[in-house]
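> entry38.cif is reproduced in full below (mmCIF, C-alpha atoms and all ligand atoms).
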```
data_protein
loop_
_atom_site.label_atom_id
_atom_site.label_comp_id
_atom_site.auth_asym_id
_atom_site.auth_seq_id
_atom_site.Cartn_x
_atom_site.Cartn_y
_atom_site.Cartn_z
CA MET A 189 55.21 14.44 37.51
CA THR A 190 58.45 14.40 39.40
CA ARG A 191 60.50 11.36 40.16
CA PHE A 192 61.83 12.81 43.37
CA ARG A 193 63.47 10.80 46.06
CA ILE A 194 63.61 12.43 49.46
CA ALA A 195 66.25 10.97 51.78
CA ILE A 196 65.90 11.58 55.51
CA ASP A 197 68.72 10.36 57.74
CA GLY A 198 69.69 10.93 61.33
CA PRO A 199 70.09 9.32 64.76
CA SER A 200 67.28 7.62 66.66
CA GLY A 201 64.75 9.95 68.22
CA ALA A 202 65.51 12.88 65.92
CA GLY A 203 61.93 12.76 64.65
CA LYS A 204 62.57 11.09 61.30
CA SER A 205 59.50 8.83 61.25
CA THR A 206 56.91 11.46 62.11
CA VAL A 207 58.40 13.98 59.71
CA ALA A 208 59.00 11.50 56.87
CA ARG A 209 55.47 10.11 57.16
CA ARG A 210 53.88 13.56 57.06
CA VAL A 211 56.02 14.76 54.14
CA ALA A 212 55.04 11.63 52.19
CA GLN A 213 51.39 12.19 53.03
CA ARG A 214 51.46 15.81 51.90
CA LEU A 215 53.13 14.96 48.60
CA GLY A 216 51.25 11.72 47.98
CA TYR A 217 54.58 9.88 47.95
CA LEU A 218 55.41 6.41 49.17
CA TYR A 219 56.87 6.36 52.69
CA ILE A 220 59.57 3.80 53.44
CA ASP A 221 60.92 3.23 56.92
CA THR A 222 64.19 1.35 56.33
CA GLY A 223 64.81 1.01 60.09
CA ALA A 224 61.74 -1.25 60.19
CA MET A 225 63.48 -3.59 57.76
CA TYR A 226 66.57 -3.87 59.99
CA ARG A 227 64.24 -4.31 62.96
CA ALA A 228 62.43 -7.17 61.20
CA VAL A 229 65.77 -8.94 60.64
CA GLY A 230 66.72 -8.24 64.29
CA LEU A 231 63.44 -9.77 65.43
CA LYS A 232 64.03 -12.84 63.28
CA VAL A 233 67.49 -13.30 64.80
CA ILE A 234 66.02 -13.06 68.32
CA ARG A 235 63.19 -15.46 67.53
CA GLU A 236 65.46 -18.00 65.89
CA GLN A 237 67.96 -17.55 68.73
CA LEU A 238 70.88 -17.15 66.36
CA PRO A 239 74.19 -16.43 68.08
CA TRP A 240 75.48 -12.91 67.53
CA ASP A 241 78.96 -14.11 66.60
CA GLN A 242 77.65 -16.11 63.63
CA ALA A 243 77.42 -13.43 60.98
CA ASN A 244 76.93 -15.96 58.19
CA ALA A 245 73.86 -17.43 59.83
CA ILE A 246 72.45 -13.93 60.35
CA VAL A 247 73.05 -12.99 56.70
CA GLU A 248 71.32 -16.21 55.73
CA ALA A 249 68.35 -15.30 57.96
CA ALA A 250 68.19 -11.86 56.29
CA ARG A 251 68.17 -13.58 52.91
CA ARG A 252 65.34 -15.90 53.97
CA ALA A 253 63.31 -13.14 55.63
CA ARG A 254 60.27 -12.04 53.67
CA ILE A 255 59.85 -8.40 54.67
CA GLU A 256 56.89 -6.41 53.40
CA LEU A 257 55.97 -2.80 54.12
CA ILE A 258 52.30 -2.23 53.48
CA ALA A 259 50.59 1.14 53.71
CA GLY A 260 47.14 0.96 55.29
CA PRO A 261 44.61 2.99 57.27
CA ARG A 262 46.59 2.38 60.46
CA GLY A 263 49.81 3.64 58.89
CA LEU A 264 52.66 1.57 57.58
CA ARG A 265 52.41 -2.08 58.61
CA VAL A 266 55.44 -4.33 58.65
CA PHE A 267 55.13 -8.01 57.81
CA LEU A 268 57.80 -10.60 58.48
CA ASP A 269 57.29 -13.95 56.76
CA GLY A 270 53.62 -13.17 56.31
CA VAL A 271 52.96 -12.12 59.93
CA ASP A 272 52.23 -8.55 61.06
CA VAL A 273 55.11 -7.57 63.36
CA SER A 274 54.45 -3.81 63.37
CA GLU A 275 54.19 -3.68 67.17
CA ALA A 276 56.67 -6.47 67.96
CA ILE A 277 59.53 -4.63 66.24
CA ARG A 278 59.11 -1.45 68.31
CA THR A 279 60.69 -2.66 71.56
CA GLU A 280 64.10 -1.32 72.60
CA ALA A 281 65.47 -4.89 72.59
CA VAL A 282 64.59 -5.21 68.92
CA GLY A 283 66.05 -1.73 68.31
CA GLN A 284 69.34 -2.89 69.75
CA ALA A 285 69.16 -6.13 67.73
CA ALA A 286 68.48 -4.07 64.59
CA SER A 287 71.52 -1.94 65.29
CA ARG A 288 73.63 -5.07 65.70
CA VAL A 289 72.46 -6.80 62.53
CA SER A 290 72.87 -3.53 60.64
CA SER A 291 76.62 -3.58 61.25
CA ILE A 292 76.95 -6.83 59.25
CA PRO A 293 77.86 -5.95 55.63
CA GLY A 294 76.06 -8.99 54.17
CA VAL A 295 72.80 -7.93 55.82
CA ARG A 296 73.19 -4.35 54.59
CA LYS A 297 73.80 -5.55 51.05
CA ILE A 298 70.51 -7.46 51.00
CA LEU A 299 68.43 -4.69 52.54
CA VAL A 300 70.02 -1.84 50.56
CA ARG A 301 69.23 -3.64 47.33
CA ALA A 302 65.61 -4.15 48.42
CA GLN A 303 65.39 -0.44 49.34
CA GLN A 304 66.81 0.62 45.98
CA ASP A 305 64.18 -1.51 44.27
CA LEU A 306 61.39 0.04 46.35
CA GLY A 307 62.52 3.58 45.51
CA ARG A 308 63.49 3.05 41.91
CA ARG A 309 60.43 4.73 40.47
CA GLY A 310 60.81 7.82 42.66
CA ARG A 311 58.05 9.72 44.46
CA VAL A 312 59.35 8.25 47.67
CA VAL A 313 60.34 9.51 51.10
CA MET A 314 62.85 7.11 52.59
CA GLU A 315 64.18 7.42 56.12
CA GLY A 316 67.14 5.69 57.74
CA ARG A 317 70.83 6.15 58.43
CA ASP A 318 72.48 5.79 55.02
CA ILE A 319 69.81 6.81 52.52
CA GLY A 320 71.59 9.99 51.37
CA THR A 321 75.04 8.40 51.44
CA LYS A 322 74.49 4.85 50.17
CA VAL A 323 70.98 3.89 49.14
CA PHE A 324 70.22 6.98 47.04
CA PRO A 325 73.35 9.15 46.89
CA GLU A 326 71.70 10.89 43.92
CA ALA A 327 68.48 11.71 45.83
CA GLU A 328 67.05 15.10 44.80
CA VAL A 329 66.44 16.21 48.38
CA LYS A 330 68.54 15.12 51.37
CA ILE A 331 67.91 15.98 54.97
CA PHE A 332 69.92 15.11 58.05
CA LEU A 333 67.63 15.39 61.07
CA ASP A 334 69.20 15.76 64.48
CA ALA A 335 68.21 16.81 67.98
CA SER A 336 69.91 17.15 71.34
CA GLU A 337 70.38 13.95 73.35
CA PRO A 338 67.91 14.91 76.11
CA THR A 339 65.29 15.78 73.48
CA ARG A 340 65.75 12.48 71.70
CA ALA A 341 65.57 10.53 74.96
CA ARG A 342 62.41 12.38 75.99
CA ARG A 343 60.72 11.63 72.66
CA ARG A 344 61.63 7.96 72.85
CA PHE A 345 60.40 7.90 76.45
CA THR A 346 56.99 9.31 75.51
CA GLN A 347 56.72 6.92 72.58
CA ILE A 348 57.60 3.85 74.66
CA ARG A 349 55.34 4.87 77.55
CA ARG A 350 52.45 5.15 75.14
CA ASN A 351 53.10 1.64 73.90
CA ARG A 352 54.13 -0.28 76.97
CA GLY A 353 53.93 1.61 80.26
CA ALA A 354 56.63 2.82 82.61
CA LEU A 355 60.34 3.06 81.88
CA ASP A 356 63.09 5.28 83.21
CA LEU A 357 64.41 8.21 81.25
CA GLU A 358 68.00 7.63 82.35
CA GLY A 359 67.90 4.06 80.99
CA ILE A 360 66.53 5.23 77.67
CA LEU A 361 69.22 7.89 77.39
CA GLU A 362 71.87 5.22 77.90
CA GLU A 363 70.29 2.92 75.30
CA ILE A 364 70.11 5.73 72.77
CA ARG A 365 73.76 6.58 73.35
CA GLN A 366 74.79 2.96 72.94
CA ARG A 367 72.81 2.48 69.75
CA ASP A 368 74.03 5.75 68.25
CA ARG A 369 77.61 4.94 69.03
CA ARG A 370 77.27 1.61 67.25
CA ASP A 371 75.48 3.19 64.27
CA ARG A 372 78.07 5.95 63.93
CA GLU A 373 81.15 3.81 64.46
CA ARG A 374 80.42 0.76 62.34
CA ALA A 375 82.74 0.22 59.38
CA ASP A 376 80.07 -0.33 56.71
CA SER A 377 77.89 2.72 55.92
CA PRO A 378 78.08 4.43 59.31
CA LEU A 379 75.59 7.13 60.20
CA VAL A 380 77.08 10.35 58.79
CA GLN A 381 75.59 13.40 57.20
CA ALA A 382 75.90 13.37 53.41
CA GLN A 383 77.94 16.36 52.23
CA ASP A 384 75.04 17.75 50.27
CA ALA A 385 72.41 17.10 52.95
CA ARG A 386 70.68 19.94 54.74
CA TYR A 387 71.17 19.74 58.51
CA LEU A 388 68.03 20.39 60.57
CA ASP A 389 68.05 20.40 64.35
CA THR A 390 64.54 19.53 65.51
CA SER A 391 65.10 20.08 69.25
CA ASN A 392 63.13 23.30 69.33
CA GLN A 393 60.81 22.78 66.40
CA THR A 394 57.52 20.99 66.05
CA ALA A 395 57.24 18.17 63.53
CA ASP A 396 54.99 20.38 61.38
CA GLU A 397 57.55 23.19 61.29
CA VAL A 398 60.16 20.72 60.08
CA VAL A 399 57.72 19.30 57.53
CA GLU A 400 57.08 22.79 56.13
CA LYS A 401 60.82 23.42 55.75
CA ILE A 402 61.27 20.19 53.85
CA LEU A 403 58.28 20.90 51.58
CA LYS A 404 59.79 24.29 50.84
CA MET A 405 63.07 22.62 49.86
CA VAL A 406 61.16 20.25 47.59
CA ARG A 407 59.44 23.17 45.87
CA VAL A 408 62.76 24.95 45.32
CA VAL A 409 64.33 21.85 43.78
CA GLU A 410 61.21 21.26 41.67
CA LYS A 411 61.33 24.78 40.33
CA LYS A 412 65.03 24.52 39.55
CA SER A 413 64.54 21.31 37.63
CA GLY A 414 61.56 22.82 35.83
CA SER A 415 59.23 20.00 36.74
CA GLY A 416 57.12 21.63 39.43
O1 LIG A 501 65.39 3.98 62.77
P1 LIG A 501 65.32 2.78 63.66
O2 LIG A 501 65.55 3.12 65.12
O3 LIG A 501 64.04 2.02 63.48
O4 LIG A 501 66.51 1.82 63.18
C1 LIG A 501 66.88 0.65 63.87
C2 LIG A 501 68.35 0.35 63.62
O5 LIG A 501 68.55 -0.05 62.27
C3 LIG A 501 69.30 1.51 63.85
O6 LIG A 501 69.84 1.50 65.15
C4 LIG A 501 70.39 1.32 62.82
C5 LIG A 501 69.78 0.46 61.77
N1 LIG A 501 69.54 1.16 60.49
C6 LIG A 501 70.56 1.23 59.59
O7 LIG A 501 71.67 0.79 59.89
N2 LIG A 501 70.39 1.79 58.37
C7 LIG A 501 69.19 2.30 58.03
N3 LIG A 501 69.03 2.84 56.81
C8 LIG A 501 68.12 2.26 58.95
C9 LIG A 501 68.32 1.69 60.19
#
```
How does the structure come out when it is put into structure tokens?
Ligand code: DC


Amino acid sequence: MTRFRIAIDGPSGAGKSTVARRVAQRLGYLYIDTGAMYRAVGLKVIREQLPWDQANAIVEAARRARIELIAGPRGLRVFLDGVDVSEAIRTEAVGQAASRVSSIPGVRKILVRAQQDLGRRGRVVMEGRDIGTKVFPEAEVKIFLDASEPTRARRRFTQIRRNRGALDLEGILEEIRQRDRRDRERADSPLVQAQDARYLDTSNQTADEVVEKILKMVRVVEKKSGSG
């Protein structure tokens, strides 16, 4: 049995969740969506109406937050303080809030530690922005998923329309740009490709094609380490 950790990073809308979930399913690994954890903290900040300029209060809220990721028949469910918030965290407002809380070092420290605990035993596919650079720099397989801006906006658009009805593509494009800029420019653990990560552009590939490429990488690494 391998103890592999598979790190999947990249900007929003690059296809990380779909791909990470399917890779985990195929391998029988645990799937961990770290963005959902930042989203849960973002939701808590919104609900408690904490001011954005009070970083200490936000760190305190992150410390108090009881965040659980539970795999079930309907996919990964996210619980915040005992309540299922899986749908509530998927709005763009919460996405923006997540991006804001994620730039606070104290919040990152708490969540990164929790993520390291979750992945300690291996056999995990973890997706986020800093998995290959910070959470598991020693991960056996690292992928940086990317896609063109219009592709990412279109994917987000389809996803949001499915959940909540109409929205304009132009607005989504702008929100994606804003969030990416913040994620790439923050001082603490910005979104960057790890040096040893494989870059995959998913613009013109189906999720399954990307999944197959990643599984192939896993097999190569397994063979090399003699544990396959
Ligand atoms: O992947 P997502 O859209 O659910 O993530 C929401 C926000 O959380 C994203 O804009 C940046 C932040 N994030 C992070 O800083 N580090 C991670 N490992 C995952 C997400």

> So that I can check the surroundings of Glu256 in chain A, please list as a list of chain:residue names every protein, DNA and RNA residue that reaches within 7 Å of it, counting all atoms listed in the file and ignoring chain neighbours fewer than 6 positions away.

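My reading of the contact set: A:Val266, A:Phe267, A:Leu268.
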
> Please identify the residues whose atoms come within 9 Å of ligand LIG 501 (chain A), using all atoms listed in the file, and report them as a PDB file with C-alpha atoms, in the frame of the given file.


```pdb
ATOM      1  CA  ASP A 197      68.720  10.360  57.740  1.00  0.00           C
ATOM      2  CA  GLY A 198      69.690  10.930  61.330  1.00  0.00           C
ATOM      3  CA  PRO A 199      70.090   9.320  64.760  1.00  0.00           C
ATOM      4  CA  SER A 200      67.280   7.620  66.660  1.00  0.00           C
ATOM      5  CA  GLY A 201      64.750   9.950  68.220  1.00  0.00           C
ATOM      6  CA  LYS A 204      62.570  11.090  61.300  1.00  0.00           C
ATOM      7  CA  SER A 205      59.500   8.830  61.250  1.00  0.00           C
ATOM      8  CA  ASP A 221      60.920   3.230  56.920  1.00  0.00           C
ATOM      9  CA  THR A 222      64.190   1.350  56.330  1.00  0.00           C
ATOM     10  CA  GLY A 223      64.810   1.010  60.090  1.00  0.00           C
ATOM     11  CA  ALA A 224      61.740  -1.250  60.190  1.00  0.00           C
ATOM     12  CA  MET A 225      63.480  -3.590  57.760  1.00  0.00           C
ATOM     13  CA  TYR A 226      66.570  -3.870  59.990  1.00  0.00           C
ATOM     14  CA  ARG A 227      64.240  -4.310  62.960  1.00  0.00           C
ATOM     15  CA  GLY A 230      66.720  -8.240  64.290  1.00  0.00           C
ATOM     16  CA  ILE A 277      59.530  -4.630  66.240  1.00  0.00           C
ATOM     17  CA  ARG A 278      59.110  -1.450  68.310  1.00  0.00           C
ATOM     18  CA  GLU A 280      64.100  -1.320  72.600  1.00  0.00           C
ATOM     19  CA  VAL A 282      64.590  -5.210  68.920  1.00  0.00           C
ATOM     20  CA  GLY A 283      66.050  -1.730  68.310  1.00  0.00           C
ATOM     21  CA  GLN A 284      69.340  -2.890  69.750  1.00  0.00           C
ATOM     22  CA  ALA A 285      69.160  -6.130  67.730  1.00  0.00           C
ATOM     23  CA  ALA A 286      68.480  -4.070  64.590  1.00  0.00           C
ATOM     24  CA  SER A 287      71.520  -1.940  65.290  1.00  0.00           C
ATOM     25  CA  ARG A 288      73.630  -5.070  65.700  1.00  0.00           C
ATOM     26  CA  VAL A 289      72.460  -6.800  62.530  1.00  0.00           C
ATOM     27  CA  SER A 290      72.870  -3.530  60.640  1.00  0.00           C
ATOM     28  CA  SER A 291      76.620  -3.580  61.250  1.00  0.00           C
ATOM     29  CA  ARG A 296      73.190  -4.350  54.590  1.00  0.00           C
ATOM     30  CA  LEU A 299      68.430  -4.690  52.540  1.00  0.00           C
ATOM     31  CA  VAL A 300      70.020  -1.840  50.560  1.00  0.00           C
ATOM     32  CA  GLN A 303      65.390  -0.440  49.340  1.00  0.00           C
ATOM     33  CA  MET A 314      62.850   7.110  52.590  1.00  0.00           C
ATOM     34  CA  GLU A 315      64.180   7.420  56.120  1.00  0.00           C
ATOM     35  CA  GLY A 316      67.140   5.690  57.740  1.00  0.00           C
ATOM     36  CA  ARG A 317      70.830   6.150  58.430  1.00  0.00           C
ATOM     37  CA  ASP A 318      72.480   5.790  55.020  1.00  0.00           C
ATOM     38  CA  ILE A 319      69.810   6.810  52.520  1.00  0.00           C
ATOM     39  CA  LYS A 322      74.490   4.850  50.170  1.00  0.00           C
ATOM     40  CA  VAL A 323      70.980   3.890  49.140  1.00  0.00           C
ATOM     41  CA  ILE A 364      70.110   5.730  72.770  1.00  0.00           C
ATOM     42  CA  ARG A 367      72.810   2.480  69.750  1.00  0.00           C
ATOM     43  CA  ASP A 368      74.030   5.750  68.250  1.00  0.00           C
ATOM     44  CA  ARG A 370      77.270   1.610  67.250  1.00  0.00           C
ATOM     45  CA  ASP A 371      75.480   3.190  64.270  1.00  0.00           C
ATOM     46  CA  SER A 377      77.890   2.720  55.920  1.00  0.00           C
ATOM     47  CA  PRO A 378      78.080   4.430  59.310  1.00  0.00           C
ATOM     48  CA  LEU A 379      75.590   7.130  60.200  1.00  0.00           C
TER      49      LEU A 379
END
```

> Can you list, as a list of chain:residue names, every protein, DNA or RNA residue that comes within 6 Å of Arg265 in chain A when you count all atoms listed in the file, leaving out same-chain residues fewer than 5 positions away?

A:Leu257, A:Ile258, A:Ser274

> Which residue is closest to Arg344 in chain A? Choose from A:Thr321, A:Gln381, A:Thr279, A:Gln393 and count only C-alpha atoms.

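Selected residue with least distance to Arg344 in chain A: A:Thr279.
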
> Report, in Å with one decimal, the straight-line distance from CA of Val406 in chain A to CA of Ala335 in chain A.

21.8 Å

> Which of these residues is nearest to Gln237 in chain A, using all atoms listed in the file: A:Ala249, A:Ile194, A:Val273, A:Leu333?

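Residue with the minimum atom-to-atom distance to Gln237 in chain A: A:Ala249.
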
> Taking all atoms listed in the file into account, name the residue in A:Glu397, A:Glu362, A:Glu337, A:Glu275 that is nearest to Gly263 in chain A.

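Among the listed residues, A:Glu275 lies closest to Gly263 in chain A.
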
> May I ask for the distance between CA of Arg309 in chain A and CA of Met405 in chain A, given in Å to one decimal place?

20.4 Å

> Under the rule that all atoms listed in the file are counted, which of A:Ile360, A:Ile331, A:Val312, A:Ala395 is the nearest residue to Gln383 in chain A?

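For Gln383 in chain A, the nearest of the given residues is A:Ile331.
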
> For CA of Tyr217 in chain A and CA of Arg311 in chain A, determine how far apart the two atoms are, in Å to one decimal place.

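One can read the CA of Tyr217 in chain A to CA of Arg311 in chain A distance as 4.9 Å.
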
> Since fewer atoms than expected are present, regenerate all heavy atoms for range 273-284 of chain A and write them as a compact mmCIF listing (two decimals), in the coordinates of the input.


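Below is the file that was written, part.txt:
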```txt
# COMPACT_ATOMS: atom_id res chain seq x y z
N VAL A 273 54.22 -7.76 62.21
CA VAL A 273 55.11 -7.57 63.36
C VAL A 273 55.28 -6.08 63.70
O VAL A 273 56.22 -5.70 64.39
CB VAL A 273 56.52 -8.21 63.11
CG1 VAL A 273 56.42 -9.72 63.00
CG2 VAL A 273 57.18 -7.62 61.85
N SER A 274 54.32 -5.27 63.22
CA SER A 274 54.45 -3.81 63.37
C SER A 274 54.67 -3.39 64.82
O SER A 274 55.45 -2.47 65.08
CB SER A 274 53.20 -3.12 62.85
OG SER A 274 52.87 -3.62 61.58
N GLU A 275 53.99 -4.04 65.76
CA GLU A 275 54.19 -3.68 67.17
C GLU A 275 55.41 -4.39 67.74
O GLU A 275 56.20 -3.80 68.48
CB GLU A 275 52.95 -4.03 68.01
CG GLU A 275 51.87 -2.96 67.98
CD GLU A 275 50.98 -3.07 66.75
OE1 GLU A 275 50.74 -4.21 66.29
OE2 GLU A 275 50.54 -2.02 66.21
N ALA A 276 55.58 -5.66 67.39
CA ALA A 276 56.67 -6.47 67.96
C ALA A 276 58.05 -5.88 67.69
O ALA A 276 58.97 -6.02 68.50
CB ALA A 276 56.59 -7.90 67.41
N ILE A 277 58.20 -5.15 66.58
CA ILE A 277 59.53 -4.63 66.24
C ILE A 277 59.85 -3.32 66.96
O ILE A 277 60.95 -2.80 66.83
CB ILE A 277 59.72 -4.40 64.72
CG1 ILE A 277 58.66 -3.42 64.18
CG2 ILE A 277 59.70 -5.72 63.96
CD1 ILE A 277 58.98 -2.93 62.77
N ARG A 278 58.90 -2.78 67.72
CA ARG A 278 59.11 -1.45 68.31
C ARG A 278 59.73 -1.47 69.70
O ARG A 278 59.88 -0.42 70.32
CB ARG A 278 57.79 -0.67 68.35
CG ARG A 278 57.28 -0.28 66.98
CD ARG A 278 58.25 0.60 66.21
NE ARG A 278 58.03 0.53 64.77
CZ ARG A 278 58.92 0.93 63.87
NH1 ARG A 278 60.08 1.42 64.23
NH2 ARG A 278 58.65 0.81 62.59
N THR A 279 60.08 -2.63 70.22
CA THR A 279 60.69 -2.66 71.56
C THR A 279 62.15 -2.20 71.46
O THR A 279 62.77 -2.26 70.39
CB THR A 279 60.66 -4.07 72.16
OG1 THR A 279 61.51 -4.91 71.38
CG2 THR A 279 59.25 -4.64 72.18
N GLU A 280 62.71 -1.76 72.60
CA GLU A 280 64.10 -1.32 72.60
C GLU A 280 65.03 -2.51 72.35
O GLU A 280 66.08 -2.36 71.71
CB GLU A 280 64.43 -0.61 73.91
CG GLU A 280 65.72 0.19 73.91
CD GLU A 280 65.87 1.15 72.71
OE1 GLU A 280 64.87 1.83 72.35
OE2 GLU A 280 66.97 1.22 72.14
N ALA A 281 64.63 -3.70 72.82
CA ALA A 281 65.47 -4.89 72.59
C ALA A 281 65.61 -5.15 71.09
O ALA A 281 66.71 -5.46 70.60
CB ALA A 281 64.85 -6.11 73.28
N VAL A 282 64.52 -5.00 70.37
CA VAL A 282 64.59 -5.21 68.92
C VAL A 282 65.37 -4.06 68.26
O VAL A 282 66.10 -4.27 67.29
CB VAL A 282 63.18 -5.38 68.30
CG1 VAL A 282 63.25 -5.49 66.79
CG2 VAL A 282 62.49 -6.61 68.87
N GLY A 283 65.25 -2.86 68.82
CA GLY A 283 66.05 -1.73 68.31
C GLY A 283 67.54 -2.02 68.43
O GLY A 283 68.32 -1.77 67.49
N GLN A 284 67.93 -2.55 69.54
CA GLN A 284 69.34 -2.89 69.75
C GLN A 284 69.76 -4.03 68.79
O GLN A 284 70.83 -4.00 68.21
CB GLN A 284 69.61 -3.34 71.20
CG GLN A 284 69.41 -2.24 72.24
CD GLN A 284 70.53 -1.20 72.25
OE1 GLN A 284 71.54 -1.33 71.56
NE2 GLN A 284 70.35 -0.14 73.02
```
